[in-house]
>>> print(open('target27.pdb').read())   # PDB, N, CA and C atoms
ATOM      1  N   MET A  90    -144.355 126.210   1.161  1.00  0.00           N
ATOM      2  CA  MET A  90    -144.339 125.726  -0.214  1.00  0.00           C
ATOM      3  C   MET A  90    -145.763 125.745  -0.768  1.00  0.00           C
ATOM      4  N   THR A  91    -145.937 126.261  -1.958  1.00  0.00           N
ATOM      5  CA  THR A  91    -147.237 126.309  -2.629  1.00  0.00           C
ATOM      6  C   THR A  91    -147.569 124.931  -3.187  1.00  0.00           C
ATOM      7  N   PRO A  92    -148.801 124.452  -2.947  1.00  0.00           N
ATOM      8  CA  PRO A  92    -149.183 123.151  -3.520  1.00  0.00           C
ATOM      9  C   PRO A  92    -149.118 123.197  -5.045  1.00  0.00           C
ATOM     10  N   PRO A  93    -148.780 122.070  -5.687  1.00  0.00           N
ATOM     11  CA  PRO A  93    -148.724 122.054  -7.154  1.00  0.00           C
ATOM     12  C   PRO A  93    -150.124 122.135  -7.756  1.00  0.00           C
ATOM     13  N   SER A  94    -150.190 122.511  -9.015  1.00  0.00           N
ATOM     14  CA  SER A  94    -151.446 122.473  -9.762  1.00  0.00           C
ATOM     15  C   SER A  94    -151.608 121.076 -10.338  1.00  0.00           C
ATOM     16  N   CYS A  95    -152.843 120.629 -10.465  1.00  0.00           N
ATOM     17  CA  CYS A  95    -153.104 119.339 -11.091  1.00  0.00           C
ATOM     18  C   CYS A  95    -152.707 119.440 -12.559  1.00  0.00           C
ATOM     19  N   ASN A  96    -152.013 118.445 -13.075  1.00  0.00           N
ATOM     20  CA  ASN A  96    -151.608 118.510 -14.485  1.00  0.00           C
ATOM     21  C   ASN A  96    -152.778 118.242 -15.429  1.00  0.00           C
ATOM     22  N   ARG A  97    -153.927 117.832 -14.900  1.00  0.00           N
ATOM     23  CA  ARG A  97    -155.129 117.664 -15.713  1.00  0.00           C
ATOM     24  C   ARG A  97    -156.058 118.871 -15.586  1.00  0.00           C
ATOM     25  N   HIS A  98    -155.958 119.579 -14.475  1.00  0.00           N
ATOM     26  CA  HIS A  98    -156.797 120.756 -14.199  1.00  0.00           C
ATOM     27  C   HIS A  98    -155.865 121.888 -13.776  1.00  0.00           C
ATOM     28  N   LYS A  99    -155.214 122.485 -14.736  1.00  0.00           N
ATOM     29  CA  LYS A  99    -154.128 123.442 -14.499  1.00  0.00           C
ATOM     30  C   LYS A  99    -154.520 124.638 -13.636  1.00  0.00           C
ATOM     31  N   ASN A 100    -155.807 124.978 -13.578  1.00  0.00           N
ATOM     32  CA  ASN A 100    -156.223 126.146 -12.815  1.00  0.00           C
ATOM     33  C   ASN A 100    -156.508 125.835 -11.344  1.00  0.00           C
ATOM     34  N   LEU A 101    -156.339 124.581 -10.914  1.00  0.00           N
ATOM     35  CA  LEU A 101    -156.629 124.203  -9.538  1.00  0.00           C
ATOM     36  C   LEU A 101    -155.377 123.751  -8.791  1.00  0.00           C
ATOM     37  N   GLN A 102    -155.242 124.240  -7.564  1.00  0.00           N
ATOM     38  CA  GLN A 102    -154.159 123.757  -6.720  1.00  0.00           C
ATOM     39  C   GLN A 102    -154.612 122.474  -6.036  1.00  0.00           C
ATOM     40  N   MET A 103    -153.689 121.561  -5.880  1.00  0.00           N
ATOM     41  CA  MET A 103    -153.973 120.291  -5.232  1.00  0.00           C
ATOM     42  C   MET A 103    -153.985 120.496  -3.722  1.00  0.00           C
ATOM     43  N   VAL A 104    -154.638 119.573  -3.006  1.00  0.00           N
ATOM     44  CA  VAL A 104    -154.737 119.657  -1.554  1.00  0.00           C
ATOM     45  C   VAL A 104    -153.909 118.536  -0.916  1.00  0.00           C
ATOM     46  N   PRO A 105    -153.384 118.765   0.314  1.00  0.00           N
ATOM     47  CA  PRO A 105    -152.558 117.750   0.977  1.00  0.00           C
ATOM     48  C   PRO A 105    -153.326 116.443   1.229  1.00  0.00           C
ATOM     49  N   PHE A 106    -152.613 115.317   1.208  1.00  0.00           N
ATOM     50  CA  PHE A 106    -153.190 114.009   1.513  1.00  0.00           C
ATOM     51  C   PHE A 106    -152.097 113.096   2.036  1.00  0.00           C
ATOM     52  N   SER A 107    -152.500 111.981   2.616  1.00  0.00           N
ATOM     53  CA  SER A 107    -151.571 110.905   2.965  1.00  0.00           C
ATOM     54  C   SER A 107    -152.368 109.603   3.008  1.00  0.00           C
ATOM     55  N   PHE A 108    -151.728 108.503   2.641  1.00  0.00           N
ATOM     56  CA  PHE A 108    -152.347 107.185   2.736  1.00  0.00           C
ATOM     57  C   PHE A 108    -151.247 106.152   2.884  1.00  0.00           C
ATOM     58  N   VAL A 109    -151.650 104.947   3.255  1.00  0.00           N
ATOM     59  CA  VAL A 109    -150.691 103.861   3.441  1.00  0.00           C
ATOM     60  C   VAL A 109    -150.911 102.845   2.333  1.00  0.00           C
ATOM     61  N   ASP A 110    -149.850 102.525   1.616  1.00  0.00           N
ATOM     62  CA  ASP A 110    -149.916 101.478   0.599  1.00  0.00           C
ATOM     63  C   ASP A 110    -148.951 100.374   1.016  1.00  0.00           C
ATOM     64  N   PRO A 111    -148.853  99.286   0.258  1.00  0.00           N
ATOM     65  CA  PRO A 111    -147.972  98.175   0.661  1.00  0.00           C
ATOM     66  C   PRO A 111    -146.507  98.575   0.872  1.00  0.00           C
ATOM     67  N   THR A 112    -146.056  99.658   0.244  1.00  0.00           N
ATOM     68  CA  THR A 112    -144.658 100.066   0.408  1.00  0.00           C
ATOM     69  C   THR A 112    -144.455 101.031   1.562  1.00  0.00           C
ATOM     70  N   GLY A 113    -145.537 101.480   2.194  1.00  0.00           N
ATOM     71  CA  GLY A 113    -145.414 102.395   3.329  1.00  0.00           C
ATOM     72  C   GLY A 113    -146.337 103.591   3.194  1.00  0.00           C
ATOM     73  N   LYS A 114    -146.103 104.598   4.025  1.00  0.00           N
ATOM     74  CA  LYS A 114    -146.936 105.793   4.017  1.00  0.00           C
ATOM     75  C   LYS A 114    -146.515 106.717   2.881  1.00  0.00           C
ATOM     76  N   VAL A 115    -147.509 107.225   2.145  1.00  0.00           N
ATOM     77  CA  VAL A 115    -147.278 108.135   1.035  1.00  0.00           C
ATOM     78  C   VAL A 115    -147.939 109.463   1.385  1.00  0.00           C
ATOM     79  N   THR A 116    -147.182 110.551   1.281  1.00  0.00           N
ATOM     80  CA  THR A 116    -147.749 111.876   1.510  1.00  0.00           C
ATOM     81  C   THR A 116    -147.510 112.735   0.286  1.00  0.00           C
ATOM     82  N   GLY A 117    -148.435 113.633   0.028  1.00  0.00           N
ATOM     83  CA  GLY A 117    -148.305 114.502  -1.128  1.00  0.00           C
ATOM     84  C   GLY A 117    -149.540 115.357  -1.288  1.00  0.00           C
ATOM     85  N   HIS A 118    -150.007 115.505  -2.523  1.00  0.00           N
ATOM     86  CA  HIS A 118    -151.175 116.319  -2.830  1.00  0.00           C
ATOM     87  C   HIS A 118    -152.098 115.564  -3.773  1.00  0.00           C
ATOM     88  N   ILE A 119    -153.414 115.885  -3.704  1.00  0.00           N
ATOM     89  CA  ILE A 119    -154.416 115.241  -4.543  1.00  0.00           C
ATOM     90  C   ILE A 119    -155.286 116.318  -5.185  1.00  0.00           C
ATOM     91  N   CYS A 120    -155.745 116.055  -6.396  1.00  0.00           N
ATOM     92  CA  CYS A 120    -156.608 116.990  -7.110  1.00  0.00           C
ATOM     93  C   CYS A 120    -157.977 117.041  -6.421  1.00  0.00           C
ATOM     94  N   PRO A 121    -158.528 118.243  -6.217  1.00  0.00           N
ATOM     95  CA  PRO A 121    -159.830 118.360  -5.542  1.00  0.00           C
ATOM     96  C   PRO A 121    -161.036 118.072  -6.440  1.00  0.00           C
ATOM     97  N   VAL A 122    -160.821 117.840  -7.733  1.00  0.00           N
ATOM     98  CA  VAL A 122    -161.932 117.586  -8.651  1.00  0.00           C
ATOM     99  C   VAL A 122    -162.467 116.169  -8.414  1.00  0.00           C
ATOM    100  N   PRO A 123    -163.772 116.025  -8.121  1.00  0.00           N
ATOM    101  CA  PRO A 123    -164.343 114.690  -7.917  1.00  0.00           C
ATOM    102  C   PRO A 123    -164.119 113.810  -9.142  1.00  0.00           C
ATOM    103  N   GLY A 124    -163.653 112.602  -8.911  1.00  0.00           N
ATOM    104  CA  GLY A 124    -163.429 111.664  -9.997  1.00  0.00           C
ATOM    105  C   GLY A 124    -162.077 111.770 -10.671  1.00  0.00           C
ATOM    106  N   CYS A 125    -161.308 112.828 -10.413  1.00  0.00           N
ATOM    107  CA  CYS A 125    -159.995 112.965 -11.046  1.00  0.00           C
ATOM    108  C   CYS A 125    -159.008 112.016 -10.369  1.00  0.00           C
ATOM    109  N   GLY A 126    -158.795 112.203  -9.074  1.00  0.00           N
ATOM    110  CA  GLY A 126    -157.915 111.313  -8.326  1.00  0.00           C
ATOM    111  C   GLY A 126    -156.447 111.440  -8.656  1.00  0.00           C
ATOM    112  N   ARG A 127    -156.040 112.458  -9.382  1.00  0.00           N
ATOM    113  CA  ARG A 127    -154.623 112.645  -9.724  1.00  0.00           C
ATOM    114  C   ARG A 127    -153.854 112.993  -8.463  1.00  0.00           C
ATOM    115  N   LEU A 128    -152.725 112.364  -8.274  1.00  0.00           N
ATOM    116  CA  LEU A 128    -151.903 112.542  -7.083  1.00  0.00           C
ATOM    117  C   LEU A 128    -150.522 113.059  -7.454  1.00  0.00           C
ATOM    118  N   HIS A 129    -149.861 113.693  -6.490  1.00  0.00           N
ATOM    119  CA  HIS A 129    -148.522 114.234  -6.716  1.00  0.00           C
ATOM    120  C   HIS A 129    -147.720 114.084  -5.427  1.00  0.00           C
ATOM    121  N   ASP A 130    -146.487 113.601  -5.544  1.00  0.00           N
ATOM    122  CA  ASP A 130    -145.577 113.544  -4.396  1.00  0.00           C
ATOM    123  C   ASP A 130    -144.199 114.010  -4.848  1.00  0.00           C
ATOM    124  N   LYS A 131    -143.178 113.732  -4.051  1.00  0.00           N
ATOM    125  CA  LYS A 131    -141.821 114.193  -4.367  1.00  0.00           C
ATOM    126  C   LYS A 131    -141.315 113.682  -5.713  1.00  0.00           C
ATOM    127  N   GLN A 132    -141.832 112.524  -6.141  1.00  0.00           N
ATOM    128  CA  GLN A 132    -141.373 111.920  -7.394  1.00  0.00           C
ATOM    129  C   GLN A 132    -142.181 112.369  -8.610  1.00  0.00           C
ATOM    130  N   GLY A 133    -143.276 113.094  -8.399  1.00  0.00           N
ATOM    131  CA  GLY A 133    -144.078 113.579  -9.517  1.00  0.00           C
ATOM    132  C   GLY A 133    -145.516 113.116  -9.456  1.00  0.00           C
ATOM    133  N   TYR A 134    -146.224 113.233 -10.577  1.00  0.00           N
ATOM    134  CA  TYR A 134    -147.637 112.872 -10.662  1.00  0.00           C
ATOM    135  C   TYR A 134    -147.792 111.354 -10.776  1.00  0.00           C
ATOM    136  N   PHE A 135    -148.909 110.846 -10.226  1.00  0.00           N
ATOM    137  CA  PHE A 135    -149.198 109.420 -10.329  1.00  0.00           C
ATOM    138  C   PHE A 135    -150.682 109.175 -10.063  1.00  0.00           C
ATOM    139  N   ASP A 136    -151.119 107.950 -10.318  1.00  0.00           N
ATOM    140  CA  ASP A 136    -152.483 107.514 -10.041  1.00  0.00           C
ATOM    141  C   ASP A 136    -152.417 106.290  -9.137  1.00  0.00           C
ATOM    142  N   VAL A 137    -153.544 105.953  -8.529  1.00  0.00           N
ATOM    143  CA  VAL A 137    -153.657 104.723  -7.764  1.00  0.00           C
ATOM    144  C   VAL A 137    -154.683 103.862  -8.489  1.00  0.00           C
ATOM    145  N   VAL A 138    -154.249 102.678  -8.928  1.00  0.00           N
ATOM    146  CA  VAL A 138    -155.111 101.758  -9.656  1.00  0.00           C
ATOM    147  C   VAL A 138    -155.139 100.447  -8.894  1.00  0.00           C
ATOM    148  N   GLU A 139    -156.339 100.020  -8.537  1.00  0.00           N
ATOM    149  CA  GLU A 139    -156.514  98.781  -7.783  1.00  0.00           C
ATOM    150  C   GLU A 139    -155.647  98.775  -6.528  1.00  0.00           C
ATOM    151  N   GLY A 140    -155.544  99.924  -5.869  1.00  0.00           N
ATOM    152  CA  GLY A 140    -154.796 100.048  -4.617  1.00  0.00           C
ATOM    153  C   GLY A 140    -153.286 100.103  -4.770  1.00  0.00           C
ATOM    154  N   LYS A 141    -152.798 100.206  -6.009  1.00  0.00           N
ATOM    155  CA  LYS A 141    -151.358 100.262  -6.249  1.00  0.00           C
ATOM    156  C   LYS A 141    -150.995 101.553  -6.963  1.00  0.00           C
ATOM    157  N   ILE A 142    -149.834 102.096  -6.623  1.00  0.00           N
ATOM    158  CA  ILE A 142    -149.352 103.320  -7.261  1.00  0.00           C
ATOM    159  C   ILE A 142    -148.907 103.008  -8.685  1.00  0.00           C
ATOM    160  N   VAL A 143    -149.388 103.815  -9.633  1.00  0.00           N
ATOM    161  CA  VAL A 143    -149.019 103.663 -11.043  1.00  0.00           C
ATOM    162  C   VAL A 143    -148.484 105.002 -11.518  1.00  0.00           C
ATOM    163  N   ARG A 144    -147.226 105.020 -11.894  1.00  0.00           N
ATOM    164  CA  ARG A 144    -146.587 106.245 -12.377  1.00  0.00           C
ATOM    165  C   ARG A 144    -146.570 106.246 -13.906  1.00  0.00           C
ATOM    166  N   PRO A 145    -146.590 107.430 -14.519  1.00  0.00           N
ATOM    167  CA  PRO A 145    -146.529 107.500 -15.982  1.00  0.00           C
ATOM    168  C   PRO A 145    -145.318 106.747 -16.523  1.00  0.00           C
ATOM    169  N   GLY A 146    -145.519 106.033 -17.608  1.00  0.00           N
ATOM    170  CA  GLY A 146    -144.438 105.260 -18.208  1.00  0.00           C
ATOM    171  C   GLY A 146    -144.321 103.860 -17.647  1.00  0.00           C
ATOM    172  N   SER A 147    -145.107 103.557 -16.606  1.00  0.00           N
ATOM    173  CA  SER A 147    -145.080 102.223 -16.018  1.00  0.00           C
ATOM    174  C   SER A 147    -145.657 101.230 -17.020  1.00  0.00           C
ATOM    175  N   THR A 148    -145.123 100.027 -17.060  1.00  0.00           N
ATOM    176  CA  THR A 148    -145.624  99.019 -17.989  1.00  0.00           C
ATOM    177  C   THR A 148    -146.947  98.435 -17.508  1.00  0.00           C
ATOM    178  N   LYS A 149    -147.331  98.724 -16.256  1.00  0.00           N
ATOM    179  CA  LYS A 149    -148.572  98.185 -15.711  1.00  0.00           C
ATOM    180  C   LYS A 149    -149.608  99.280 -15.526  1.00  0.00           C
ATOM    181  N   GLU A 150    -149.619 100.274 -16.417  1.00  0.00           N
ATOM    182  CA  GLU A 150    -150.565 101.378 -16.273  1.00  0.00           C
ATOM    183  C   GLU A 150    -152.003 100.902 -16.389  1.00  0.00           C
ATOM    184  N   ILE A 151    -152.284  99.939 -17.264  1.00  0.00           N
ATOM    185  CA  ILE A 151    -153.635  99.425 -17.418  1.00  0.00           C
ATOM    186  C   ILE A 151    -153.587  97.919 -17.176  1.00  0.00           C
ATOM    187  N   SER A 152    -154.449  97.439 -16.272  1.00  0.00           N
ATOM    188  CA  SER A 152    -154.463  96.013 -15.971  1.00  0.00           C
ATOM    189  C   SER A 152    -154.949  95.217 -17.179  1.00  0.00           C
ATOM    190  N   SER A 153    -154.576  93.954 -17.255  1.00  0.00           N
ATOM    191  CA  SER A 153    -154.935  93.111 -18.394  1.00  0.00           C
ATOM    192  C   SER A 153    -156.444  92.985 -18.595  1.00  0.00           C
ATOM    193  N   PRO A 154    -157.238  92.721 -17.538  1.00  0.00           N
ATOM    194  CA  PRO A 154    -158.688  92.629 -17.765  1.00  0.00           C
ATOM    195  C   PRO A 154    -159.272  93.945 -18.296  1.00  0.00           C
ATOM    196  N   LEU A 155    -158.812  95.061 -17.779  1.00  0.00           N
ATOM    197  CA  LEU A 155    -159.288  96.353 -18.249  1.00  0.00           C
ATOM    198  C   LEU A 155    -158.866  96.585 -19.692  1.00  0.00           C
ATOM    199  N   LYS A 156    -157.639  96.199 -20.018  1.00  0.00           N
ATOM    200  CA  LYS A 156    -157.144  96.350 -21.384  1.00  0.00           C
ATOM    201  C   LYS A 156    -158.009  95.537 -22.349  1.00  0.00           C
ATOM    202  N   GLU A 157    -158.387  94.325 -21.958  1.00  0.00           N
ATOM    203  CA  GLU A 157    -159.237  93.483 -22.807  1.00  0.00           C
ATOM    204  C   GLU A 157    -160.613  94.103 -22.993  1.00  0.00           C
ATOM    205  N   GLN A 158    -161.178  94.678 -21.931  1.00  0.00           N
ATOM    206  CA  GLN A 158    -162.482  95.332 -22.045  1.00  0.00           C
ATOM    207  C   GLN A 158    -162.405  96.503 -23.015  1.00  0.00           C
ATOM    208  N   ILE A 159    -161.354  97.294 -22.919  1.00  0.00           N
ATOM    209  CA  ILE A 159    -161.171  98.436 -23.810  1.00  0.00           C
ATOM    210  C   ILE A 159    -161.057  97.964 -25.261  1.00  0.00           C
ATOM    211  N   LEU A 160    -160.254  96.930 -25.488  1.00  0.00           N
ATOM    212  CA  LEU A 160    -160.091  96.400 -26.845  1.00  0.00           C
ATOM    213  C   LEU A 160    -161.404  95.843 -27.393  1.00  0.00           C
ATOM    214  N   ASN A 161    -162.194  95.187 -26.536  1.00  0.00           N
ATOM    215  CA  ASN A 161    -163.482  94.652 -26.980  1.00  0.00           C
ATOM    216  C   ASN A 161    -164.434  95.763 -27.408  1.00  0.00           C
ATOM    217  N   VAL A 162    -164.457  96.857 -26.670  1.00  0.00           N
ATOM    218  CA  VAL A 162    -165.306  97.989 -27.036  1.00  0.00           C
ATOM    219  C   VAL A 162    -164.849  98.588 -28.358  1.00  0.00           C
ATOM    220  N   ILE A 163    -163.530  98.752 -28.521  1.00  0.00           N
ATOM    221  CA  ILE A 163    -163.001  99.307 -29.769  1.00  0.00           C
ATOM    222  C   ILE A 163    -163.346  98.393 -30.934  1.00  0.00           C
ATOM    223  N   ARG A 164    -163.180  97.083 -30.762  1.00  0.00           N
ATOM    224  CA  ARG A 164    -163.509  96.130 -31.829  1.00  0.00           C
ATOM    225  C   ARG A 164    -164.983  96.178 -32.190  1.00  0.00           C
ATOM    226  N   SER A 165    -165.849  96.274 -31.169  1.00  0.00           N
ATOM    227  CA  SER A 165    -167.294  96.303 -31.455  1.00  0.00           C
ATOM    228  C   SER A 165    -167.694  97.588 -32.184  1.00  0.00           C
ATOM    229  N   LYS A 166    -167.054  98.702 -31.840  1.00  0.00           N
ATOM    230  CA  LYS A 166    -167.332  99.974 -32.530  1.00  0.00           C
ATOM    231  C   LYS A 166    -166.836  99.926 -33.980  1.00  0.00           C
ATOM    232  N   ALA A 167    -165.698  99.261 -34.189  1.00  0.00           N
ATOM    233  CA  ALA A 167    -165.117  99.172 -35.529  1.00  0.00           C
ATOM    234  C   ALA A 167    -165.703  97.996 -36.310  1.00  0.00           C
ATOM    235  N   GLN A 168    -166.503  97.166 -35.653  1.00  0.00           N
ATOM    236  CA  GLN A 168    -167.116  95.967 -36.232  1.00  0.00           C
ATOM    237  C   GLN A 168    -166.061  95.044 -36.840  1.00  0.00           C
ATOM    238  N   ILE A 169    -165.027  94.778 -36.048  1.00  0.00           N
ATOM    239  CA  ILE A 169    -163.951  93.884 -36.508  1.00  0.00           C
ATOM    240  C   ILE A 169    -164.336  92.452 -36.242  1.00  0.00           C
TER
END
>>> encode(input="target27.pdb", output="structure tokens")
Amino acid sequence: MTPPSCNRHKNLQMVPFSFVDPTGKVTGHICPVPGCGRLHDKQGYFDVVEGKIVRPGSTKEISSPLKEQILNVIRSKAQI
């Protein structure tokens, strides 16, 4: 089976990986671009945030403290 391409870097094939999270061992592919960290397994593309798997469409894609930091930066840029 050919490794999938990263959905953020379409010209690169992902490389095999495995890790253990609280739900068990996860195997799949990871993007080779430093800092990208995009992952892919049988269920599709996902990220790992604060040691937890976050899939697209998840309601917990951005943690509350991070969301507040983002909003504060936007407010300061907009001078609200």
>>> resolve_selection(input="target27.pdb", expression="the PyMOL selection byres ((chain A and resi 93) around 8)", output="mmCIF file with N, CA and C atoms, in the frame of the given file")
data_model
loop_
_atom_site.group_PDB
_atom_site.id
_atom_site.type_symbol
_atom_site.label_atom_id
_atom_site.label_comp_id
_atom_site.auth_asym_id
_atom_site.auth_seq_id
_atom_site.Cartn_x
_atom_site.Cartn_y
_atom_site.Cartn_z
ATOM 1 N N MET A 90 -144.355 126.210 1.161
ATOM 2 C CA MET A 90 -144.339 125.726 -0.214
ATOM 3 C C MET A 90 -145.763 125.745 -0.768
ATOM 4 N N THR A 91 -145.937 126.261 -1.958
ATOM 5 C CA THR A 91 -147.237 126.309 -2.629
ATOM 6 C C THR A 91 -147.569 124.931 -3.187
ATOM 7 N N PRO A 92 -148.801 124.452 -2.947
ATOM 8 C CA PRO A 92 -149.183 123.151 -3.520
ATOM 9 C C PRO A 92 -149.118 123.197 -5.045
ATOM 10 N N SER A 94 -150.190 122.511 -9.015
ATOM 11 C CA SER A 94 -151.446 122.473 -9.762
ATOM 12 C C SER A 94 -151.608 121.076 -10.338
ATOM 13 N N CYS A 95 -152.843 120.629 -10.465
ATOM 14 C CA CYS A 95 -153.104 119.339 -11.091
ATOM 15 C C CYS A 95 -152.707 119.440 -12.559
ATOM 16 N N ASN A 96 -152.013 118.445 -13.075
ATOM 17 C CA ASN A 96 -151.608 118.510 -14.485
ATOM 18 C C ASN A 96 -152.778 118.242 -15.429
ATOM 19 N N LYS A 99 -155.214 122.485 -14.736
ATOM 20 C CA LYS A 99 -154.128 123.442 -14.499
ATOM 21 C C LYS A 99 -154.520 124.638 -13.636
ATOM 22 N N LEU A 101 -156.339 124.581 -10.914
ATOM 23 C CA LEU A 101 -156.629 124.203 -9.538
ATOM 24 C C LEU A 101 -155.377 123.751 -8.791
ATOM 25 N N GLN A 102 -155.242 124.240 -7.564
ATOM 26 C CA GLN A 102 -154.159 123.757 -6.720
ATOM 27 C C GLN A 102 -154.612 122.474 -6.036
ATOM 28 N N MET A 103 -153.689 121.561 -5.880
ATOM 29 C CA MET A 103 -153.973 120.291 -5.232
ATOM 30 C C MET A 103 -153.985 120.496 -3.722
ATOM 31 N N VAL A 104 -154.638 119.573 -3.006
ATOM 32 C CA VAL A 104 -154.737 119.657 -1.554
ATOM 33 C C VAL A 104 -153.909 118.536 -0.916
ATOM 34 N N HIS A 118 -150.007 115.505 -2.523
ATOM 35 C CA HIS A 118 -151.175 116.319 -2.830
ATOM 36 C C HIS A 118 -152.098 115.564 -3.773
ATOM 37 N N ILE A 119 -153.414 115.885 -3.704
ATOM 38 C CA ILE A 119 -154.416 115.241 -4.543
ATOM 39 C C ILE A 119 -155.286 116.318 -5.185
ATOM 40 N N HIS A 129 -149.861 113.693 -6.490
ATOM 41 C CA HIS A 129 -148.522 114.234 -6.716
ATOM 42 C C HIS A 129 -147.720 114.084 -5.427
#
>>> axis_aligned_box(input="target27.pdb", around="stretch 122-125 of chain A", padding_each_side="4 Å", output="JSON")
{"center_x": -161.7, "center_y": 114.8, "center_z": -9.4, "size_x": 13.3, "size_y": 14.2, "size_z": 11.3}
>>> resolve_selection(input="target27.pdb", expression="the PyMOL selection byres (((chain A and resi 108 and name CA) around 12) and name CA)", output="mmCIF file with N, CA and C atoms, in the frame of the given file")
data_model
loop_
_atom_site.group_PDB
_atom_site.id
_atom_site.type_symbol
_atom_site.label_atom_id
_atom_site.label_comp_id
_atom_site.auth_asym_id
_atom_site.auth_seq_id
_atom_site.Cartn_x
_atom_site.Cartn_y
_atom_site.Cartn_z
ATOM 1 N N PRO A 105 -153.384 118.765 0.314
ATOM 2 C CA PRO A 105 -152.558 117.750 0.977
ATOM 3 C C PRO A 105 -153.326 116.443 1.229
ATOM 4 N N PHE A 106 -152.613 115.317 1.208
ATOM 5 C CA PHE A 106 -153.190 114.009 1.513
ATOM 6 C C PHE A 106 -152.097 113.096 2.036
ATOM 7 N N SER A 107 -152.500 111.981 2.616
ATOM 8 C CA SER A 107 -151.571 110.905 2.965
ATOM 9 C C SER A 107 -152.368 109.603 3.008
ATOM 10 N N VAL A 109 -151.650 104.947 3.255
ATOM 11 C CA VAL A 109 -150.691 103.861 3.441
ATOM 12 C C VAL A 109 -150.911 102.845 2.333
ATOM 13 N N ASP A 110 -149.850 102.525 1.616
ATOM 14 C CA ASP A 110 -149.916 101.478 0.599
ATOM 15 C C ASP A 110 -148.951 100.374 1.016
ATOM 16 N N PRO A 111 -148.853 99.286 0.258
ATOM 17 C CA PRO A 111 -147.972 98.175 0.661
ATOM 18 C C PRO A 111 -146.507 98.575 0.872
ATOM 19 N N THR A 112 -146.056 99.658 0.244
ATOM 20 C CA THR A 112 -144.658 100.066 0.408
ATOM 21 C C THR A 112 -144.455 101.031 1.562
ATOM 22 N N GLY A 113 -145.537 101.480 2.194
ATOM 23 C CA GLY A 113 -145.414 102.395 3.329
ATOM 24 C C GLY A 113 -146.337 103.591 3.194
ATOM 25 N N LYS A 114 -146.103 104.598 4.025
ATOM 26 C CA LYS A 114 -146.936 105.793 4.017
ATOM 27 C C LYS A 114 -146.515 106.717 2.881
ATOM 28 N N VAL A 115 -147.509 107.225 2.145
ATOM 29 C CA VAL A 115 -147.278 108.135 1.035
ATOM 30 C C VAL A 115 -147.939 109.463 1.385
ATOM 31 N N THR A 116 -147.182 110.551 1.281
ATOM 32 C CA THR A 116 -147.749 111.876 1.510
ATOM 33 C C THR A 116 -147.510 112.735 0.286
ATOM 34 N N GLY A 117 -148.435 113.633 0.028
ATOM 35 C CA GLY A 117 -148.305 114.502 -1.128
ATOM 36 C C GLY A 117 -149.540 115.357 -1.288
ATOM 37 N N HIS A 118 -150.007 115.505 -2.523
ATOM 38 C CA HIS A 118 -151.175 116.319 -2.830
ATOM 39 C C HIS A 118 -152.098 115.564 -3.773
ATOM 40 N N ILE A 119 -153.414 115.885 -3.704
ATOM 41 C CA ILE A 119 -154.416 115.241 -4.543
ATOM 42 C C ILE A 119 -155.286 116.318 -5.185
ATOM 43 N N LEU A 128 -152.725 112.364 -8.274
ATOM 44 C CA LEU A 128 -151.903 112.542 -7.083
ATOM 45 C C LEU A 128 -150.522 113.059 -7.454
ATOM 46 N N ASP A 130 -146.487 113.601 -5.544
ATOM 47 C CA ASP A 130 -145.577 113.544 -4.396
ATOM 48 C C ASP A 130 -144.199 114.010 -4.848
ATOM 49 N N VAL A 137 -153.544 105.953 -8.529
ATOM 50 C CA VAL A 137 -153.657 104.723 -7.764
ATOM 51 C C VAL A 137 -154.683 103.862 -8.489
ATOM 52 N N GLY A 140 -155.544 99.924 -5.869
ATOM 53 C CA GLY A 140 -154.796 100.048 -4.617
ATOM 54 C C GLY A 140 -153.286 100.103 -4.770
ATOM 55 N N LYS A 141 -152.798 100.206 -6.009
ATOM 56 C CA LYS A 141 -151.358 100.262 -6.249
ATOM 57 C C LYS A 141 -150.995 101.553 -6.963
ATOM 58 N N ILE A 142 -149.834 102.096 -6.623
ATOM 59 C CA ILE A 142 -149.352 103.320 -7.261
ATOM 60 C C ILE A 142 -148.907 103.008 -8.685
#
>>> atom_distance(input="target27.pdb", atom1="atom C of A:Val138", atom2="atom N of A:Pro123")
17.8 Å
>>> atom_distance(input="target27.pdb", atom1="atom CA of A:Arg97", atom2="atom C of A:Arg127")
8.7 Å
>>> atom_distance(input="target27.pdb", atom1="atom CA of A:Gly124", atom2="atom CA of A:Glu157")
22.6 Å
>>> select_by_dssp(input="target27.pdb", residues="chain A", states="alpha helix (DSSP H)", output="PyMOL selection string")
chain A and resi 153-167
>>> select_by_dssp(input="target27.pdb", residues="chain A", states="strand (DSSP E)", output="PyMOL selection string")
chain A and resi 104-110+113-119+128-130+133-138+141-143
>>> decode(input="target27.pdb", residues="stretch 114-120 of chain A", atoms="N, CA and C atoms", output="CSV table (one decimal), in the first residue's frame")
chain,number,residue,atom,x,y,z
A,114,LYS,N,-2.7,1.7,21.4
A,114,LYS,CA,-1.7,2.0,20.4
A,114,LYS,C,-2.3,2.5,19.1
A,115,VAL,N,-1.7,3.5,18.5
A,115,VAL,CA,-2.2,4.1,17.3
A,115,VAL,C,-1.1,3.9,16.2
A,116,THR,N,-1.4,3.4,15.1
A,116,THR,CA,-0.5,3.3,14.0
A,116,THR,C,-1.0,3.9,12.7
A,117,GLY,N,-0.1,4.5,12.0
A,117,GLY,CA,-0.6,5.2,10.7
A,117,GLY,C,0.6,5.8,10.1
A,118,HIS,N,0.4,7.1,9.6
A,118,HIS,CA,1.5,7.8,8.9
A,118,HIS,C,1.5,9.2,9.4
A,119,ILE,N,2.7,9.9,9.3
A,119,ILE,CA,2.9,11.2,9.8
A,119,ILE,C,3.6,12.0,8.7
A,120,CYS,N,3.3,13.3,8.6
A,120,CYS,CA,3.9,14.2,7.6
A,120,CYS,C,5.4,14.4,8.0
